>>> print(open('my_file-v5.tsv').read())   # TSV, C-alpha atoms and all ligand atoms
chain	number	residue	atom	x	y	z
A	1	MET	CA	43.60	-42.66	11.60
A	2	THR	CA	41.51	-45.49	13.11
A	3	ASP	CA	37.69	-45.45	12.90
A	4	ASP	CA	37.48	-45.03	16.66
A	5	PHE	CA	39.97	-42.19	16.49
A	6	ASP	CA	37.32	-39.67	17.56
A	7	GLY	CA	36.40	-41.80	20.57
A	8	GLU	CA	40.04	-42.07	21.60
A	9	LEU	CA	40.47	-38.32	21.06
A	10	LYS	CA	37.58	-37.60	23.44
A	11	ARG	CA	39.00	-39.98	26.05
A	12	ALA	CA	42.41	-38.29	25.83
A	13	ALA	CA	40.84	-34.82	26.11
A	14	ASP	CA	38.73	-35.93	29.10
A	15	ALA	CA	41.85	-37.21	30.86
A	16	LEU	CA	43.67	-33.92	30.17
A	17	ARG	CA	40.68	-31.88	31.33
A	18	ALA	CA	40.71	-33.75	34.68
A	19	ALA	CA	44.49	-33.55	35.04
A	20	SER	CA	46.34	-31.15	37.32
A	21	ARG	CA	49.83	-32.14	36.18
A	22	VAL	CA	50.88	-33.14	32.64
A	23	CYS	CA	54.14	-34.65	31.40
A	24	VAL	CA	54.99	-35.12	27.74
A	25	LEU	CA	57.74	-37.45	26.44
A	26	THR	CA	58.77	-36.92	22.82
A	27	GLY	CA	61.05	-38.70	20.36
A	28	ALA	CA	62.19	-38.26	16.78
A	29	GLY	CA	58.68	-38.79	15.41
A	30	VAL	CA	57.51	-35.35	16.59
A	31	SER	CA	60.14	-33.76	14.32
A	32	ALA	CA	59.63	-36.05	11.33
A	33	GLU	CA	57.10	-33.73	9.65
A	34	SER	CA	59.61	-30.89	9.99
A	35	GLY	CA	62.07	-32.85	7.85
A	36	VAL	CA	64.34	-34.29	10.56
A	37	PRO	CA	64.98	-37.99	9.78
A	38	THR	CA	64.04	-40.40	12.58
A	39	PHE	CA	66.47	-43.11	13.73
A	40	ARG	CA	64.20	-45.94	12.60
A	41	ALA	CA	63.69	-44.28	9.21
A	42	SER	CA	67.39	-44.75	8.52
A	43	ASP	CA	67.22	-48.31	9.94
A	44	GLY	CA	69.45	-47.04	12.75
A	45	LEU	CA	72.29	-46.53	10.24
A	46	TRP	CA	74.32	-43.51	9.18
A	47	GLU	CA	76.55	-43.84	6.12
A	48	GLY	CA	76.55	-47.56	6.81
A	49	HIS	CA	77.59	-47.10	10.44
A	50	ARG	CA	75.28	-48.24	13.31
A	51	ILE	CA	74.22	-45.04	15.04
A	52	GLU	CA	75.04	-46.69	18.38
A	53	ASP	CA	78.65	-46.90	17.09
A	54	VAL	CA	78.90	-43.30	15.84
A	55	ALA	CA	77.01	-41.79	18.80
A	56	SER	CA	79.33	-43.37	21.39
A	57	PRO	CA	82.52	-42.52	23.33
A	58	MET	CA	84.26	-45.45	21.64
A	59	GLY	CA	83.18	-44.18	18.21
A	60	PHE	CA	84.58	-40.72	19.00
A	61	GLU	CA	87.81	-42.25	20.36
A	62	ARG	CA	88.17	-44.32	17.20
A	63	ASP	CA	87.30	-41.68	14.59
A	64	PRO	CA	86.39	-38.15	15.79
A	65	ARG	CA	86.24	-36.88	12.19
A	66	LEU	CA	83.52	-39.43	11.33
A	67	VAL	CA	81.54	-38.51	14.44
A	68	TRP	CA	81.81	-34.79	13.71
A	69	ASN	CA	80.74	-35.39	10.11
A	70	PHE	CA	77.65	-37.08	11.56
A	71	TYR	CA	76.84	-34.16	13.87
A	72	ASN	CA	77.77	-31.39	11.45
A	73	ALA	CA	75.44	-33.04	8.90
A	74	ARG	CA	72.61	-33.08	11.45
A	75	ARG	CA	73.31	-29.44	12.43
A	76	ALA	CA	73.13	-28.55	8.73
A	77	ASN	CA	69.79	-30.39	8.42
A	78	VAL	CA	68.31	-28.68	11.48
A	79	ARG	CA	69.44	-25.29	10.09
A	80	THR	CA	66.90	-25.83	7.25
A	81	VAL	CA	63.85	-26.93	9.28
A	82	ARG	CA	61.12	-25.27	11.37
A	83	PRO	CA	58.89	-26.54	14.19
A	84	ASN	CA	55.68	-28.16	12.86
A	85	PRO	CA	52.06	-27.94	14.13
A	86	GLY	CA	52.86	-30.79	16.56
A	87	HIS	CA	55.51	-28.70	18.33
A	88	HIS	CA	53.19	-25.67	18.37
A	89	ALA	CA	50.26	-27.66	19.79
A	90	LEU	CA	52.47	-28.70	22.72
A	91	VAL	CA	53.25	-25.03	23.39
A	92	ARG	CA	49.50	-24.33	23.56
A	93	LEU	CA	49.11	-27.28	25.94
A	94	GLU	CA	51.82	-25.80	28.20
A	95	ASP	CA	49.97	-22.46	28.20
A	96	ARG	CA	46.97	-24.28	29.69
A	97	TYR	CA	48.89	-25.98	32.55
A	98	GLY	CA	51.69	-23.49	33.15
A	99	THR	CA	54.21	-24.77	35.71
A	100	ARG	CA	52.16	-27.98	36.11
A	101	PHE	CA	53.48	-29.02	32.67
A	102	THR	CA	56.84	-30.59	31.75
A	103	LEU	CA	58.09	-31.65	28.30
A	104	VAL	CA	60.85	-34.26	28.33
A	105	THR	CA	62.47	-34.76	24.93
A	106	GLN	CA	64.96	-37.29	23.61
A	107	ASN	CA	65.50	-35.02	20.61
A	108	VAL	CA	68.65	-32.96	20.23
A	109	ASP	CA	67.25	-30.81	17.38
A	110	GLY	CA	66.11	-27.94	19.63
A	111	LEU	CA	62.74	-27.60	17.80
A	112	HIS	CA	60.67	-27.61	21.01
A	113	ARG	CA	62.77	-24.69	22.27
A	114	VAL	CA	62.41	-22.83	18.94
A	115	ALA	CA	58.62	-23.43	19.06
A	116	GLY	CA	58.52	-21.76	22.50
A	117	THR	CA	58.26	-24.61	25.01
A	118	LYS	CA	59.45	-23.23	28.35
A	119	SER	CA	59.46	-26.19	30.77
A	120	LEU	CA	61.73	-28.32	28.57
A	121	LEU	CA	64.11	-31.12	29.62
A	122	GLU	CA	66.51	-32.14	26.81
A	123	ILE	CA	67.67	-35.39	28.46
A	124	HIS	CA	69.98	-36.39	25.57
A	125	GLY	CA	71.58	-32.97	25.11
A	126	SER	CA	71.48	-30.59	22.16
A	127	LEU	CA	73.03	-30.19	18.70
A	128	TYR	CA	73.39	-26.46	19.55
A	129	ARG	CA	76.04	-26.99	22.25
A	130	THR	CA	79.64	-28.18	22.33
A	131	ARG	CA	81.65	-29.44	25.31
A	132	CYS	CA	85.45	-29.38	25.66
A	133	THR	CA	86.99	-32.83	26.13
A	134	TYR	CA	89.63	-31.26	28.44
A	135	CYS	CA	88.38	-28.15	30.33
A	136	GLY	CA	84.71	-29.22	30.11
A	137	GLU	CA	83.50	-25.81	28.95
A	138	VAL	CA	79.98	-26.03	27.47
A	139	LEU	CA	79.08	-23.39	24.86
A	140	ASP	CA	75.91	-22.72	22.83
A	141	ARG	CA	77.16	-22.42	19.23
A	142	GLY	CA	73.77	-21.89	17.66
A	143	LEU	CA	73.74	-23.75	14.34
A	144	ASP	CA	76.62	-21.89	12.75
A	145	ALA	CA	78.83	-24.17	10.65
A	146	LEU	CA	81.66	-25.68	12.69
A	147	PRO	CA	85.10	-26.89	11.47
A	148	ALA	CA	85.42	-30.61	10.59
A	149	ILE	CA	86.97	-31.19	14.02
A	150	PRO	CA	86.32	-28.13	16.24
A	151	HIS	CA	88.79	-27.24	19.02
A	152	CYS	CA	88.45	-25.31	22.26
A	153	HIS	CA	90.39	-22.13	23.08
A	154	CYS	CA	92.35	-24.34	25.50
A	155	GLY	CA	93.53	-26.30	22.47
A	156	ALA	CA	91.67	-29.53	23.23
A	157	MET	CA	89.11	-31.16	20.89
A	158	LEU	CA	85.44	-30.29	21.32
A	159	ARG	CA	82.66	-32.85	21.30
A	160	PRO	CA	78.89	-32.31	20.84
A	161	ASP	CA	77.17	-31.73	24.23
A	162	ILE	CA	75.05	-34.79	23.55
A	163	VAL	CA	74.52	-38.00	25.58
A	164	TRP	CA	76.00	-40.88	23.65
A	165	PHE	CA	75.21	-44.56	24.07
A	166	ASN	CA	76.91	-46.00	27.18
A	167	GLU	CA	76.99	-42.56	28.74
A	168	ASN	CA	74.97	-41.38	31.71
A	169	LEU	CA	72.31	-38.74	31.26
A	170	PRO	CA	72.98	-35.38	33.00
A	171	PRO	CA	71.90	-36.18	36.60
A	172	ASP	CA	70.06	-32.89	37.28
A	173	VAL	CA	68.03	-33.11	34.06
A	174	TRP	CA	67.33	-36.85	34.51
A	175	ASP	CA	66.24	-36.36	38.13
A	176	ALA	CA	63.84	-33.59	37.07
A	177	ALA	CA	62.43	-35.85	34.33
A	178	GLN	CA	61.81	-38.69	36.77
A	179	ILE	CA	60.05	-36.32	39.18
A	180	ALA	CA	57.85	-34.92	36.38
A	181	ALA	CA	56.92	-38.46	35.31
A	182	SER	CA	56.22	-39.62	38.86
A	183	GLU	CA	53.94	-36.64	39.61
A	184	CYS	CA	51.90	-36.38	36.39
A	185	ASP	CA	48.23	-37.38	36.04
A	186	VAL	CA	48.55	-37.65	32.27
A	187	MET	CA	51.63	-38.60	30.25
A	188	LEU	CA	51.60	-37.97	26.49
A	189	VAL	CA	54.10	-40.26	24.73
A	190	VAL	CA	54.70	-38.73	21.30
A	191	GLY	CA	56.71	-40.07	18.36
A	192	THR	CA	59.02	-42.44	20.18
A	193	SER	CA	59.72	-46.14	19.61
A	194	ALA	CA	60.36	-46.31	23.39
A	195	VAL	CA	63.32	-48.64	22.87
A	196	VAL	CA	66.15	-46.50	24.27
A	197	HIS	CA	66.71	-46.51	28.05
A	198	PRO	CA	66.56	-45.03	30.57
A	199	ALA	CA	64.28	-42.55	28.67
A	200	ALA	CA	61.65	-45.25	27.98
A	201	SER	CA	61.49	-46.07	31.70
A	202	LEU	CA	59.71	-42.75	32.32
A	203	ILE	CA	56.50	-44.35	30.99
A	204	PRO	CA	56.27	-47.18	33.59
A	205	ILE	CA	57.41	-44.63	36.24
A	206	ALA	CA	54.34	-42.48	35.44
A	207	LYS	CA	52.09	-45.54	35.39
A	208	ARG	CA	53.37	-47.14	38.55
A	209	THR	CA	54.05	-44.11	40.74
A	210	ASN	CA	50.95	-42.03	40.08
A	211	ASP	CA	48.72	-44.34	38.00
A	212	ALA	CA	48.93	-41.68	35.30
A	213	THR	CA	46.77	-42.00	32.18
A	214	VAL	CA	49.20	-42.74	29.35
A	215	VAL	CA	48.26	-41.42	25.90
A	216	GLU	CA	50.39	-42.66	22.98
A	217	VAL	CA	50.63	-40.56	19.79
A	218	ASN	CA	52.49	-42.40	17.04
A	219	MET	CA	52.15	-43.65	13.48
A	220	THR	CA	52.25	-47.21	14.79
A	221	ARG	CA	52.09	-49.26	17.98
A	222	THR	CA	55.41	-49.34	19.87
A	223	GLU	CA	57.15	-50.81	22.92
A	224	ALA	CA	55.11	-48.28	24.93
A	225	SER	CA	51.70	-49.38	23.62
A	226	HIS	CA	51.09	-51.87	26.41
A	227	TYR	CA	51.34	-49.02	28.93
A	228	ALA	CA	48.98	-46.81	26.92
A	229	ASP	CA	45.39	-46.27	28.10
A	230	VAL	CA	44.62	-44.30	24.94
A	231	GLY	CA	46.22	-44.71	21.48
A	232	LEU	CA	46.04	-41.89	18.91
A	233	TYR	CA	47.66	-43.35	15.79
A	234	GLY	CA	48.54	-40.86	13.07
A	235	PRO	CA	51.06	-38.10	12.28
A	236	ALA	CA	51.83	-36.05	15.42
A	237	GLY	CA	51.63	-32.84	13.37
A	238	GLU	CA	47.94	-33.60	12.70
A	239	VAL	CA	46.95	-35.48	15.87
A	240	LEU	CA	48.30	-33.03	18.49
A	241	PRO	CA	46.48	-29.95	17.08
A	242	LYS	CA	43.27	-32.04	16.98
A	243	LEU	CA	43.82	-33.10	20.62
A	244	VAL	CA	44.35	-29.52	21.82
A	245	ALA	CA	41.35	-28.31	19.79
A	246	GLU	CA	39.18	-31.05	21.35
A	247	LEU	CA	40.46	-30.03	24.79
A	248	GLU	CA	39.70	-26.35	24.16
A	249	ARG	CA	36.36	-27.12	22.40
A	250	THR	CA	34.60	-27.87	25.65
A	251	ALA	CA	36.90	-26.10	28.18
B	301	LIG	C1	73.26	-45.60	29.61
B	301	LIG	C2	71.59	-38.65	21.53
B	301	LIG	C3	74.57	-46.14	31.54
B	301	LIG	C4	72.54	-39.03	20.47
B	301	LIG	C5	70.60	-40.78	22.17
B	301	LIG	C6	68.05	-51.24	29.30
B	301	LIG	C7	67.57	-52.12	28.36
B	301	LIG	C8	68.22	-52.19	27.11
B	301	LIG	C9	69.32	-51.40	26.79
B	301	LIG	C10	69.78	-50.52	27.72
B	301	LIG	C11	69.16	-50.45	28.98
B	301	LIG	N1	69.81	-49.49	29.68
B	301	LIG	C12	70.85	-48.98	28.92
B	301	LIG	C13	70.83	-49.59	27.73
B	301	LIG	C14	71.77	-49.29	26.63
B	301	LIG	C15	71.34	-48.09	25.77
B	301	LIG	C16	70.03	-48.41	25.06
B	301	LIG	O1	68.96	-48.02	25.48
B	301	LIG	N2	70.18	-49.13	23.93
B	301	LIG	C17	68.99	-49.41	23.09
B	301	LIG	C18	69.42	-49.27	21.63
B	301	LIG	C19	68.45	-50.78	23.39
B	301	LIG	N3	71.17	-46.88	26.58
B	301	LIG	C20	72.27	-46.11	26.81
B	301	LIG	O2	73.38	-46.36	26.39
B	301	LIG	C21	72.04	-44.87	27.65
B	301	LIG	N4	73.07	-44.69	28.63
B	301	LIG	O3	72.61	-46.61	29.72
B	301	LIG	O4	74.26	-45.22	30.48
B	301	LIG	C22	75.96	-46.54	31.24
B	301	LIG	C23	76.96	-45.65	31.56
B	301	LIG	C24	78.29	-46.06	31.37
B	301	LIG	C25	78.59	-47.30	30.75
B	301	LIG	C26	77.54	-48.14	30.37
B	301	LIG	C27	76.20	-47.76	30.60
B	301	LIG	C28	72.13	-43.58	26.78
B	301	LIG	C29	71.02	-43.54	25.81
B	301	LIG	C30	71.01	-42.19	25.06
B	301	LIG	C31	71.78	-42.28	23.76
B	301	LIG	N5	71.61	-41.03	22.98
B	301	LIG	N6	70.48	-39.60	21.50
B	301	LIG	C32	72.11	-38.54	19.12
B	301	LIG	O5	70.95	-38.16	18.95
B	301	LIG	O6	72.95	-38.52	18.23
B	301	LIG	S1	69.34	-41.97	21.98
B	301	LIG	C33	68.55	-41.56	20.49
B	301	LIG	O7	67.94	-42.75	20.05
B	301	LIG	C34	67.43	-40.56	20.61
B	301	LIG	O8	67.70	-39.51	21.48
B	301	LIG	C35	66.29	-41.44	21.10
B	301	LIG	O9	66.39	-41.63	22.50
B	301	LIG	C36	66.58	-42.76	20.42
B	301	LIG	C37	65.76	-42.88	19.16
B	301	LIG	O10	64.46	-43.18	19.56
B	301	LIG	P1	63.22	-42.28	19.02
B	301	LIG	O11	63.49	-40.85	19.30
B	301	LIG	O12	62.02	-42.89	19.58
B	301	LIG	O13	63.29	-42.43	17.43
B	301	LIG	P2	62.99	-43.73	16.55
B	301	LIG	O14	63.46	-43.41	15.18
B	301	LIG	O15	63.50	-44.95	17.25
B	301	LIG	O16	61.38	-43.86	16.53
B	301	LIG	C38	60.63	-42.82	15.95
B	301	LIG	C39	59.19	-43.13	16.32
B	301	LIG	O17	58.37	-42.08	15.79
B	301	LIG	C40	58.66	-44.45	15.72
B	301	LIG	O18	57.90	-45.11	16.71
B	301	LIG	C41	57.77	-43.99	14.55
B	301	LIG	O19	56.68	-44.84	14.37
B	301	LIG	C42	57.30	-42.64	15.06
B	301	LIG	N7	56.97	-41.66	14.02
B	301	LIG	C43	57.62	-41.44	12.84
B	301	LIG	N8	57.03	-40.38	12.18
B	301	LIG	C44	56.02	-39.94	12.99
B	301	LIG	C45	55.99	-40.75	14.16
B	301	LIG	N9	55.11	-40.56	15.16
B	301	LIG	C46	54.20	-39.55	15.00
B	301	LIG	N10	54.18	-38.72	13.91
B	301	LIG	C47	55.06	-38.90	12.89
B	301	LIG	N11	55.00	-38.07	11.84
B	302	ZN	ZN	88.76	-26.50	26.70
>>> encode(input="my_file-v5.tsv", output="structure tokens")
Amino acid sequence: MTDDFDGELKRAADALRAASRVCVLTGAGVSAESGVPTFRASDGLWEGHRIEDVASPMGFERDPRLVWNFYNARRANVRTVRPNPGHHALVRLEDRYGTRFTLVTQNVDGLHRVAGTKSLLEIHGSLYRTRCTYCGEVLDRGLDALPAIPHCHCGAMLRPDIVWFNENLPPDVWDAAQIAASECDVMLVVGTSAVVHPAASLIPIAKRTNDATVVEVNMTRTEASHYADVGLYGPAGEVLPKLVAELERTA
């Protein structure tokens, strides 16, 4: 953590103290300390396949067994992990702002929900749910093991209820995320490389629409750093509890 980390921490806490509305955008980095691999950590590859190729309608068309292997492996991984202090600190932050708080996550691991976040927008879907490729039925399957290629009671193949590359985000969830970004006074950008769109566009939306104070929490600088007014560089599982403690220290 940088030498001026304490100064940055105070600036972030001051901005939060003055804020009426807070929006948080998270990516894979907030779950890294729980044991969920990030996309960058695997150089964007899975078993030698570009994730963009596996996590895509074309990839599923071409080889549904490969795609389900990918998602069943990630469901198995998430079955073994727990939220970390970073997830829990964001729950405490929500307790402070109540309905004036929104957490937008790109993660499909469900750890924010397990930690207790209430105002949660999973803009890329969830590993917990399946969707029928024919009747469209969406079901929460928990993390129980699924067959290699699961099928619906209507006989058609199921797919993960996840937003793949070259697919639109669910309009209702995406609209709510844009509104939360456009109305916040402070946006915390946590553990994301801010490369994937339209999720990354929430940061300039917050900046341009409401001149929000953008606070980046990451191990390194990212595509979002030039929008950030405050940079807290370190592991989210250590930085976020410190930020909430600083906020609560002088309420
Ligand atoms: C679409 C679900 C329209 C799947 C995901 C504009 C410009 C350029 C490209 C595009 C554009 N608009 C659209 C595109 C194309 C594409 C895109 O963005 N491509 C990228 C690669 C350039 N976007 C799309 O396709 C989107 N749809 O545009 O639809 C359309 C419709 C029809 C036809 C054509 C187009 C859909 C995007 C959503 C795809 N689904 N996830 C799954 O999970 O399996 S995206 C997936 O990747 C994640 O959800 C997330 O969004 C992204 C990964 O990013 P991060 O979460 O940030 O993770 P990453 O590993 O990259 O970084 C981790 C960070 O954490 C790092 O910075 C690291 O330093 C930090 N870190 C690590 N450890 C810690 C830490 N920080 C703190 N503490 C730690 N301990
Ligand atoms: Zn069906």
>>> closest_residue(input="my_file-v5.tsv", among="A:Ser193, A:Thr130, A:Thr102, A:Thr117", to="Cys23 (chain A)", atoms="all atoms listed in the file")
A:Thr102
>>> residues_around(input="my_file-v5.tsv", residues="region 212-222 of chain A", least_positions_apart="5", cutoff="10 Å", atoms="only C-alpha atoms", output="ChimeraX atom specification")
/A:1,8-9,11-13,15-16,19,21-27,29-30,181-195,203-207,227-236,239-240
>>> atom_distance(input="my_file-v5.tsv", atom1="CA of Phe60 (chain A)", atom2="CA of Leu121 (chain A)")
25.0 Å
>>> residues_near_ligand(input="my_file-v5.tsv", ligand="ligand ZN 302 (chain B)", cutoff="12 Å", atoms="all atoms listed in the file", output="list of chain:residue names")
A:Thr130, A:Arg131, A:Cys132, A:Thr133, A:Tyr134, A:Cys135, A:Gly136, A:Glu137, A:Val138, A:Leu139, A:Pro150, A:His151, A:Cys152, A:His153, A:Cys154, A:Gly155, A:Ala156, A:Met157, A:Leu158, A:Arg159
>>> write_last_selection(input="my_file-v5.tsv", atoms="C-alpha atoms", output="short mmCIF file (atom, residue, chain, number, x, y, z; two decimals), keeping the file's coordinate frame")
data_model
loop_
_atom_site.label_atom_id
_atom_site.label_comp_id
_atom_site.auth_asym_id
_atom_site.auth_seq_id
_atom_site.Cartn_x
_atom_site.Cartn_y
_atom_site.Cartn_z
CA THR A 130 79.64 -28.18 22.33
CA ARG A 131 81.65 -29.44 25.31
CA CYS A 132 85.45 -29.38 25.66
CA THR A 133 86.99 -32.83 26.13
CA TYR A 134 89.63 -31.26 28.44
CA CYS A 135 88.38 -28.15 30.33
CA GLY A 136 84.71 -29.22 30.11
CA GLU A 137 83.50 -25.81 28.95
CA VAL A 138 79.98 -26.03 27.47
CA LEU A 139 79.08 -23.39 24.86
CA PRO A 150 86.32 -28.13 16.24
CA HIS A 151 88.79 -27.24 19.02
CA CYS A 152 88.45 -25.31 22.26
CA HIS A 153 90.39 -22.13 23.08
CA CYS A 154 92.35 -24.34 25.50
CA GLY A 155 93.53 -26.30 22.47
CA ALA A 156 91.67 -29.53 23.23
CA MET A 157 89.11 -31.16 20.89
CA LEU A 158 85.44 -30.29 21.32
CA ARG A 159 82.66 -32.85 21.30
#
>>> closest_residue(input="my_file-v5.tsv", among="A:Gly98, A:Pro37, A:Pro83, A:Pro64", to="Gly110 (chain A)", atoms="only C-alpha atoms")
A:Pro83
>>> atom_distance(input="my_file-v5.tsv", atom1="atom C41 of ligand LIG 301 (chain B)", atom2="CA of Arg249 (chain A)")
28.4 Å
>>> closest_residue(input="my_file-v5.tsv", among="A:Val196, A:Leu127, A:Ala18, A:Thr209", to="Trp68 (chain A)", atoms="all atoms listed in the file")
A:Leu127
>>> closest_residue(input="my_file-v5.tsv", among="A:Asn166, A:Thr80, A:Ser225, A:Asn72", to="ligand LIG 301 (chain B)", atoms="all atoms listed in the file")
A:Asn166
